[in-house]
Structure formats: C-alpha cells, structure tokens
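Working notes, structure below.
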Amino acid sequence: MPVTRFAPSPTGLLHLGHAYSALFARHAAGDGHFLLRIEDIDAGRCRPEFEAAIFEDLAWLGLTWEVPVRRQSEHLDDYRAALDRLRALDVLYPCFCTRKEIQAEVARMAGAPQGPDGPLYPGTCRRLDRNERARSIAEGRPYALRLDVGAAVRRTGPLFWHDRGRGRQTATPELLGDVVLARKDAPTSYHLAVTVDDHLQGVTLVTRGLDLFASTHVHRLLQALLGYDPPEYHHHGLVTDKSGQRLAKRTDAKAIRAYRDQGLTPAEVRRLAGWTD
Ligand code: GLU
C-alpha cells in the first residue's frame, strides 16, 4: 500500500500550489497512508501561527491525514545519527564560509560552476587541510557540514531512481555541488532531514513539485550512503499565476486563506488550484 506525504514548511501561508501538492499526495496514496510532515528546522523563519494555519487550511480543503504528525524540530537526534554515519564514511567536511565569502569567491573565479539555482559552492573549505580545520574549530568559528559530493559518488557508483512522470532517472548529484547537510544553526538541512524522514516514516512514493526535481539527485545519493531503499518519485507540475510565474509563499494574494475570506468554497479553491476531483 502506498505511503505518501505532504511536507510543508511553516514559513508562510499555504497557497494554491500547496493545495495542489497536498491533493496530489493524498490522491496518490489511494487506499494507503497519507502523512503530513512539518518541516520546521529553520527556527528563524518558522512560526507556530503558520503551522496552525497549515492544519486549518488543509482540513478546510477537505483533507485528512494520519497522526502523529512528524515535526522535524522534534527529531534532531535522528539527523545527528545520520550525520555520524556519513562522517564515518568520510564524505563530510566542515565549511566555515559565510554567504558573503562564498559570493566573493564565486565572483573571483572565472567560470564558477553553475547549478539549477545559481552558482555552486566553490569548494573553498573542501581544500583546507586537517590542521587548518582543527584550528578553525578550536577558535570556535561556526561551521556547516557539507557533503563532499565527488567522494560520495566515488563511493556509491552509479545510481538511479524511478519517477512516475519521467521514468527511469540517472542520479547526477554533482549538479548541486557540495550541498549543506548540517547548517551552522541546526544539526541538519533540508536535504538530510527529508531523506531521513522519508525513510523513517516508510514513505514509498514521494510526490512533490518539479521545483524540487534537482534535489532528488542528492536525496538518492544520501539514501545510498545511508543504506536506505529508495522510494518511488512523482514530481508534478507547478501552479503558476497569470504571467506564468510560479507561486511563492510571499504572494499572499494566492493564499488559500485569502480565497476563503472572500467567501469561496473548498471545492472552488480546489478547482482554482487546478485540481479536478
Ligand atoms: N518542505 C519543502 C517545501 O516546503 C518540501 C519538501 C519535500 O516535499 O521534499 O517546499
């Protein structure tokens, strides 16, 4: 029986794109299990009132989900354990760079490598030697942990996954470079938490928007490193506004709540999101 999930971050109000994604995941579960997960590792941006609004808006749309709801901030030990396993494989390194330093380094480099969302991390801290790392840590400089994607890929060899929309995919995690697996302020990151949670929750089919397609390359690599069986994937199209722009949480005008306040019914909002049931 399929196990699917909808995994929003409580950093704003859900909009039509989230409505579509949640309905898509619920539908894909069929007679199986539909889970809701709150991705709240970014303590600076997540708000309890947005979490409350997620429950309310989804219920208003007519969705039900299984309890308990997994809240990522309550499971930091699971991510620490996964990091320990990756550390033992020697595929992590501490990165002391600030955002500004990374930008400056990218600007200095001719032909800095580009990823789907802009320039990739230029690998500055990967090149530090053992003593430089130890010194910076001893000085108390804050650091993130990055995946040494080259070393990781050499360890796993070729990897594949199946996408219901696009068929068999060859994983090319190098596309995203040395991603962060533990932030300076949290013992995890989006990529690590999603991979660990989908495994621990027994998710068999990951459904989400095409905007996260590139991330799946990294998640497949992490699954292989951590010894997890890969789920199946189905990346769906994105809801766009009239000008063809994808909706973001910032565009509150498209918030489910705004339509609700205007007096639209749940069925009307489901249709506006492009869902035909
Ligand atoms: N939390 C992510 C978001 O809000 C989605 C995670 C996922 O579906 O993998 O976009």
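Labels used: A, B, ... for chains in the order of the structure tokens, numbers from 1 for residues in each chain, and numbers from 1 for ligands as shown.
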| message | Among region 3-110 of chain A, which residues does DSSP mark as strand (DSSP E) when it is run on the backbone? Keep the chain and numbering as in the structure and answer as an MDAnalysis selection string. | response | chainID A and resid 3:6 33:38 66:71 92:95
Could you please take those selected residues and save N, CA and C atoms as a PDB file, in the first residue's frame?
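Result went into again_13.pdb, see below:
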```pdb
ATOM      1  N   VAL A   3       2.513   4.787   0.666  1.00  0.00           N
ATOM      2  CA  VAL A   3       2.592   5.765   1.762  1.00  0.00           C
ATOM      3  C   VAL A   3       3.116   7.042   1.129  1.00  0.00           C
ATOM      4  N   THR A   4       2.323   8.106   1.169  1.00  0.00           N
ATOM      5  CA  THR A   4       2.755   9.389   0.608  1.00  0.00           C
ATOM      6  C   THR A   4       2.745  10.436   1.719  1.00  0.00           C
ATOM      7  N   ARG A   5       3.289  11.594   1.396  1.00  0.00           N
ATOM      8  CA  ARG A   5       3.282  12.655   2.412  1.00  0.00           C
ATOM      9  C   ARG A   5       3.231  14.020   1.754  1.00  0.00           C
ATOM     10  N   PHE A   6       2.727  14.980   2.531  1.00  0.00           N
ATOM     11  CA  PHE A   6       2.814  16.392   2.151  1.00  0.00           C
ATOM     12  C   PHE A   6       3.660  17.022   3.255  1.00  0.00           C
ATOM     13  N   HIS A  33      -1.590   5.214   2.904  1.00  0.00           N
ATOM     14  CA  HIS A  33      -1.451   6.162   4.008  1.00  0.00           C
ATOM     15  C   HIS A  33      -0.983   7.524   3.504  1.00  0.00           C
ATOM     16  N   PHE A  34      -1.640   8.550   3.968  1.00  0.00           N
ATOM     17  CA  PHE A  34      -1.245   9.923   3.620  1.00  0.00           C
ATOM     18  C   PHE A  34      -0.756  10.600   4.901  1.00  0.00           C
ATOM     19  N   LEU A  35       0.498  11.014   4.885  1.00  0.00           N
ATOM     20  CA  LEU A  35       1.104  11.617   6.077  1.00  0.00           C
ATOM     21  C   LEU A  35       1.310  13.110   5.874  1.00  0.00           C
ATOM     22  N   LEU A  36       1.329  13.824   6.968  1.00  0.00           N
ATOM     23  CA  LEU A  36       1.644  15.253   6.937  1.00  0.00           C
ATOM     24  C   LEU A  36       2.893  15.447   7.788  1.00  0.00           C
ATOM     25  N   ARG A  37       3.841  16.185   7.248  1.00  0.00           N
ATOM     26  CA  ARG A  37       5.085  16.420   7.998  1.00  0.00           C
ATOM     27  C   ARG A  37       5.361  17.917   8.040  1.00  0.00           C
ATOM     28  N   ILE A  38       5.725  18.414   9.188  1.00  0.00           N
ATOM     29  CA  ILE A  38       6.017  19.842   9.335  1.00  0.00           C
ATOM     30  C   ILE A  38       7.531  20.020   9.281  1.00  0.00           C
ATOM     31  N   GLU A  66      -2.851  11.155   8.654  1.00  0.00           N
ATOM     32  CA  GLU A  66      -2.662  10.287   9.809  1.00  0.00           C
ATOM     33  C   GLU A  66      -1.890  11.006  10.910  1.00  0.00           C
ATOM     34  N   VAL A  67      -2.188  10.641  12.136  1.00  0.00           N
ATOM     35  CA  VAL A  67      -1.443  11.197  13.258  1.00  0.00           C
ATOM     36  C   VAL A  67      -0.562  10.092  13.835  1.00  0.00           C
ATOM     37  N   PRO A  68       0.540  10.399  14.521  1.00  0.00           N
ATOM     38  CA  PRO A  68       1.000  11.753  14.804  1.00  0.00           C
ATOM     39  C   PRO A  68       1.651  12.405  13.577  1.00  0.00           C
ATOM     40  N   VAL A  69       1.581  13.710  13.557  1.00  0.00           N
ATOM     41  CA  VAL A  69       2.273  14.492  12.528  1.00  0.00           C
ATOM     42  C   VAL A  69       3.737  14.588  12.963  1.00  0.00           C
ATOM     43  N   ARG A  70       4.637  14.328  12.033  1.00  0.00           N
ATOM     44  CA  ARG A  70       6.059  14.437  12.397  1.00  0.00           C
ATOM     45  C   ARG A  70       6.509  15.892  12.237  1.00  0.00           C
ATOM     46  N   ARG A  71       7.080  16.395  13.323  1.00  0.00           N
ATOM     47  CA  ARG A  71       7.597  17.772  13.293  1.00  0.00           C
ATOM     48  C   ARG A  71       9.119  17.640  13.354  1.00  0.00           C
ATOM     49  N   LEU A  92      31.960  14.019   4.596  1.00  0.00           N
ATOM     50  CA  LEU A  92      31.531  15.330   5.104  1.00  0.00           C
ATOM     51  C   LEU A  92      32.757  16.182   5.380  1.00  0.00           C
ATOM     52  N   TYR A  93      32.597  17.486   5.280  1.00  0.00           N
ATOM     53  CA  TYR A  93      33.668  18.379   5.754  1.00  0.00           C
ATOM     54  C   TYR A  93      33.059  19.650   6.329  1.00  0.00           C
ATOM     55  N   PRO A  94      33.748  20.247   7.314  1.00  0.00           N
ATOM     56  CA  PRO A  94      33.217  21.484   7.883  1.00  0.00           C
ATOM     57  C   PRO A  94      33.457  22.656   6.942  1.00  0.00           C
ATOM     58  N   CYS A  95      32.470  23.526   6.846  1.00  0.00           N
ATOM     59  CA  CYS A  95      32.585  24.708   5.977  1.00  0.00           C
ATOM     60  C   CYS A  95      32.369  25.950   6.836  1.00  0.00           C
TER      61      CYS A  95
END
```
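Residues in contact with region 176-192 of chain A at up to 8 Å, not including ones fewer than 2 positions away on its chain and judged by only C-alpha atoms, are Ile41, Asp42, Leu76, Tyr79, Arg80, Leu83, Gly115, Pro116, Leu120, Tyr121, Gly123, Pro142, Tyr143, Ala144, Leu145, Arg146, Leu147, Asp148, Val149, Pro173, Glu174, Val194, Thr195, Val196, Ala214, Ser215, Val218, His219 and Leu222 of chain A.
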Output file for the residues above (N, CA, C and O atoms, as a compact mmCIF listing (two decimals), in the first residue's frame):
```
# COMPACT_ATOMS: atom_id res chain seq x y z
N ILE A 41 12.83 23.11 10.48
CA ILE A 41 14.19 23.20 11.03
C ILE A 41 14.76 24.62 10.98
O ILE A 41 15.74 24.92 11.62
N ASP A 42 14.14 25.48 10.19
CA ASP A 42 14.64 26.85 10.07
C ASP A 42 13.96 27.70 11.16
O ASP A 42 12.94 28.36 10.91
N LEU A 76 15.74 15.96 16.08
CA LEU A 76 17.12 16.33 15.73
C LEU A 76 18.10 15.18 15.97
O LEU A 76 19.10 15.05 15.26
N TYR A 79 18.69 13.06 12.94
CA TYR A 79 19.57 13.68 11.92
C TYR A 79 21.03 13.60 12.39
O TYR A 79 21.93 13.37 11.59
N ARG A 80 21.23 13.77 13.71
CA ARG A 80 22.59 13.65 14.25
C ARG A 80 23.13 12.24 14.00
O ARG A 80 24.29 12.06 13.63
N LEU A 83 24.15 11.93 10.44
CA LEU A 83 25.41 12.66 10.21
C LEU A 83 26.60 11.84 10.70
O LEU A 83 27.64 11.80 10.05
N GLY A 115 24.71 25.75 -10.80
CA GLY A 115 23.71 24.72 -10.53
C GLY A 115 22.36 25.21 -11.00
O GLY A 115 22.26 26.31 -11.55
N PRO A 116 21.31 24.43 -10.77
CA PRO A 116 19.97 24.84 -11.22
C PRO A 116 19.49 26.12 -10.54
O PRO A 116 18.66 26.84 -11.08
N LEU A 120 27.30 27.24 -7.78
CA LEU A 120 27.50 26.19 -6.77
C LEU A 120 28.56 26.64 -5.76
O LEU A 120 29.37 27.51 -6.05
N TYR A 121 28.56 25.98 -4.62
CA TYR A 121 29.60 26.25 -3.64
C TYR A 121 30.96 25.94 -4.28
O TYR A 121 31.16 24.85 -4.83
N GLY A 123 33.81 25.14 -3.22
CA GLY A 123 34.68 24.09 -2.67
C GLY A 123 35.82 24.61 -1.81
O GLY A 123 36.74 23.86 -1.48
N PRO A 142 32.02 29.26 13.75
CA PRO A 142 30.86 28.43 13.42
C PRO A 142 31.04 27.75 12.06
O PRO A 142 31.66 28.32 11.16
N TYR A 143 30.52 26.56 11.92
CA TYR A 143 30.65 25.87 10.64
C TYR A 143 29.41 25.04 10.31
O TYR A 143 28.70 24.57 11.19
N ALA A 144 29.21 24.90 9.02
CA ALA A 144 28.20 23.99 8.49
C ALA A 144 28.92 22.70 8.11
O ALA A 144 30.15 22.69 8.03
N LEU A 145 28.19 21.63 7.87
CA LEU A 145 28.81 20.42 7.32
C LEU A 145 28.33 20.25 5.89
O LEU A 145 27.12 20.30 5.62
N ARG A 146 29.27 20.11 4.99
CA ARG A 146 28.93 19.91 3.57
C ARG A 146 29.24 18.49 3.14
O ARG A 146 30.16 17.85 3.67
N LEU A 147 28.49 18.04 2.13
CA LEU A 147 28.74 16.75 1.52
C LEU A 147 29.84 16.91 0.47
O LEU A 147 29.74 17.79 -0.40
N ASP A 148 30.86 16.10 0.57
CA ASP A 148 31.87 16.06 -0.49
C ASP A 148 31.29 15.17 -1.58
O ASP A 148 31.42 13.93 -1.54
N VAL A 149 30.61 15.81 -2.52
CA VAL A 149 29.81 15.02 -3.48
C VAL A 149 30.70 14.13 -4.35
O VAL A 149 30.31 13.01 -4.69
N PRO A 173 24.06 13.85 -8.77
CA PRO A 173 24.06 14.79 -7.65
C PRO A 173 25.12 15.87 -7.77
O PRO A 173 25.04 16.90 -7.10
N GLU A 174 26.10 15.66 -8.64
CA GLU A 174 27.14 16.68 -8.85
C GLU A 174 26.51 17.99 -9.32
O GLU A 174 27.08 19.06 -9.13
N VAL A 194 14.84 15.58 4.94
CA VAL A 194 13.84 14.96 4.06
C VAL A 194 14.19 13.49 3.80
O VAL A 194 13.33 12.61 3.84
N THR A 195 15.46 13.23 3.54
CA THR A 195 15.88 11.86 3.23
C THR A 195 15.69 10.95 4.43
O THR A 195 15.16 9.84 4.31
N VAL A 196 16.10 11.43 5.60
CA VAL A 196 15.97 10.61 6.82
C VAL A 196 14.50 10.39 7.14
O VAL A 196 14.06 9.27 7.43
N ALA A 214 15.60 18.58 -8.97
CA ALA A 214 17.07 18.50 -8.87
C ALA A 214 17.51 17.99 -7.51
O ALA A 214 18.51 17.27 -7.39
N SER A 215 16.74 18.30 -6.47
CA SER A 215 17.11 17.84 -5.12
C SER A 215 17.10 16.32 -5.03
O SER A 215 17.84 15.74 -4.23
N VAL A 218 20.34 14.47 -5.12
CA VAL A 218 21.10 14.45 -3.86
C VAL A 218 20.47 13.45 -2.89
O VAL A 218 21.17 12.70 -2.20
N HIS A 219 19.13 13.43 -2.85
CA HIS A 219 18.46 12.54 -1.90
C HIS A 219 18.76 11.08 -2.24
O HIS A 219 18.98 10.26 -1.35
N LEU A 222 22.17 10.32 -0.89
CA LEU A 222 22.15 10.15 0.57
C LEU A 222 21.54 8.80 0.95
O LEU A 222 22.01 8.13 1.87
```
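With distances taken over only C-alpha atoms and all ligand atoms, A:Phe24 is the one residue among A:Trp60, A:Phe96, A:Phe24, A:Trp275 lying closest to ligand 1.
The residues sitting within 6 Å of ligand 1, with only C-alpha atoms and all ligand atoms considered, come out as Ala7, Pro8, Ser9, Glu39, Val194 and Arg208 of chain A.
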Residues within 12 Å of region 150-162 of chain A, please, as a compact mmCIF listing (two decimals) with C-alpha atoms, in the first residue's frame. Count only C-alpha atoms; anything in the same chain fewer than 2 positions from it doesn't count.
```txt
# COMPACT_ATOMS: atom_id res chain seq x y z
CA LEU A 86 28.10 9.93 6.96
CA ARG A 87 31.04 11.22 8.95
CA ALA A 88 32.27 7.65 9.38
CA LEU A 89 32.20 7.28 5.57
CA ASP A 90 34.43 10.36 5.26
CA VAL A 91 32.09 12.22 2.93
CA LEU A 92 31.53 15.33 5.10
CA TYR A 93 33.67 18.38 5.75
CA GLY A 123 34.68 24.09 -2.67
CA ARG A 126 36.97 21.19 0.97
CA ARG A 146 28.93 19.91 3.57
CA LEU A 147 28.74 16.75 1.52
CA ASP A 148 31.87 16.06 -0.49
CA ARG A 164 6.29 8.17 -12.33
CA GLY A 165 6.14 11.21 -14.58
CA ARG A 166 9.53 10.94 -16.27
CA GLY A 167 10.59 7.32 -15.99
CA ARG A 168 14.00 5.99 -15.02
CA GLN A 169 16.44 8.70 -13.98
CA THR A 170 20.18 8.55 -13.60
CA ALA A 171 21.25 10.36 -10.44
CA THR A 172 23.68 13.21 -11.10
CA PRO A 173 24.06 14.79 -7.65
CA GLU A 174 27.14 16.68 -8.85
CA LEU A 175 24.60 19.09 -10.38
CA LEU A 176 24.08 20.61 -6.95
CA GLY A 177 27.68 20.54 -5.79
CA ASP A 178 28.74 20.12 -2.17
CA VAL A 179 25.36 20.78 -0.54
CA THR A 204 7.04 4.61 -0.57
CA LEU A 205 6.11 7.36 -3.04
CA VAL A 206 7.49 10.89 -2.72
CA THR A 207 5.26 13.36 -4.55
CA PHE A 213 13.36 17.63 -9.06
CA THR A 216 16.14 14.24 -5.75
CA HIS A 217 19.60 13.60 -7.24
CA VAL A 218 21.10 14.45 -3.86
CA HIS A 219 18.46 12.54 -1.90
CA ARG A 220 19.15 9.41 -3.95
CA LEU A 221 22.85 9.72 -3.15
CA LEU A 222 22.15 10.15 0.57
CA GLN A 223 19.87 7.09 0.53
CA ALA A 224 22.67 5.02 -0.97
CA LEU A 225 25.22 6.29 1.57
CA LEU A 226 22.86 5.66 4.48
CA GLY A 227 21.75 2.24 3.24
CA ASP A 229 15.89 1.67 -0.05
CA PRO A 230 14.85 4.44 -2.46
CA PRO A 231 11.16 5.34 -2.66
CA GLU A 232 9.47 5.98 -5.97
CA TYR A 233 9.03 9.61 -7.01
CA HIS A 234 6.41 11.63 -8.83
CA HIS A 235 7.29 15.27 -9.44
```
| field | Distance query Leu14 (chain A) at most 9 Å, only C-alpha atoms, self and fewer than 2 positions along chain excluded, as a PyMOL selection string | value | chain A and resi 8+10+12+16-19+50+53-54+57-58+249+252+254-257
| query | Any idea what's packed within 8 Å of Val269 (chain A), counting only C-alpha atoms, ignoring anything in its chain fewer than 3 positions away? Could you give it as a PyMOL selection string? | reply | chain A and resi 16+61+256+259+264-266+272-273
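With only C-alpha atoms as the atoms that count, the minimum distance from Glu74 (chain A) to the choices A:Ala110, A:Asp40, A:His27, A:Asp261 is reached by A:Asp40.
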Asp277 (chain A) surroundings by only C-alpha atoms, 10 Å radius, close-in-sequence under 6 positions cut, as a PDB file with N, CA, C and O atoms, in the first residue's frame:
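around_17.pdb, freshly written:
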```pdb
ATOM      1  N   LEU A  23      -3.223  17.811  -2.390  1.00  0.00           N
ATOM      2  CA  LEU A  23      -4.270  16.980  -3.002  1.00  0.00           C
ATOM      3  C   LEU A  23      -3.648  15.880  -3.860  1.00  0.00           C
ATOM      4  O   LEU A  23      -4.115  14.746  -3.887  1.00  0.00           O
ATOM      5  N   HIS A  27      -4.202  11.963  -3.173  1.00  0.00           N
ATOM      6  CA  HIS A  27      -4.760  11.130  -4.242  1.00  0.00           C
ATOM      7  C   HIS A  27      -3.823   9.954  -4.539  1.00  0.00           C
ATOM      8  O   HIS A  27      -4.269   8.818  -4.737  1.00  0.00           O
ATOM      9  N   ALA A 267     -14.428  23.531  -2.638  1.00  0.00           N
ATOM     10  CA  ALA A 267     -14.448  22.944  -3.997  1.00  0.00           C
ATOM     11  C   ALA A 267     -13.961  23.978  -5.013  1.00  0.00           C
ATOM     12  O   ALA A 267     -13.218  23.644  -5.950  1.00  0.00           O
ATOM     13  N   ARG A 270     -10.186  24.254  -4.680  1.00  0.00           N
ATOM     14  CA  ARG A 270      -9.529  23.068  -5.263  1.00  0.00           C
ATOM     15  C   ARG A 270      -9.470  23.212  -6.786  1.00  0.00           C
ATOM     16  O   ARG A 270      -8.451  22.916  -7.413  1.00  0.00           O
ATOM     17  N   ARG A 271     -10.554  23.701  -7.350  1.00  0.00           N
ATOM     18  CA  ARG A 271     -10.573  23.885  -8.815  1.00  0.00           C
ATOM     19  C   ARG A 271      -9.611  24.968  -9.260  1.00  0.00           C
ATOM     20  O   ARG A 271      -8.898  24.829 -10.241  1.00  0.00           O
TER      21      ARG A 271
END
```
| A:Cys97, A:Ile102, A:Ala52, A:Val239: which is nearest Gly209 (chain A), counting only C-alpha atoms? | A:Val239
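If only C-alpha atoms are the atoms counted, then among A:Gly30, A:Glu56, A:Ala22, A:Arg130 the closest residue to Arg260 (chain A) is A:Glu56.
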| request: Could you tell me, as an NGL selection string, which residues of region 83-271 of chain A DSSP assigns to alpha helix (DSSP H) when given the backbone? | output: :A and (83-88 or 99-108 or 130-138 or 149-156 or 190-200 or 213-226 or 256-261 or 266-271)
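We find CA of Pro119 (chain A) and CA of Leu238 (chain A) to be spaced 23.5 Å apart.
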| message | I need the residue nearest Asp241 (chain A) from this list: A:Leu200, A:Ala43, A:Ala29, A:Gly274. Use only C-alpha atoms for the distance. | response | A:Gly274
| query | What is the CA of Ala81 (chain A)-CA of Thr124 (chain A) distance in Å, reported with one decimal? | reply | 26.3 Å
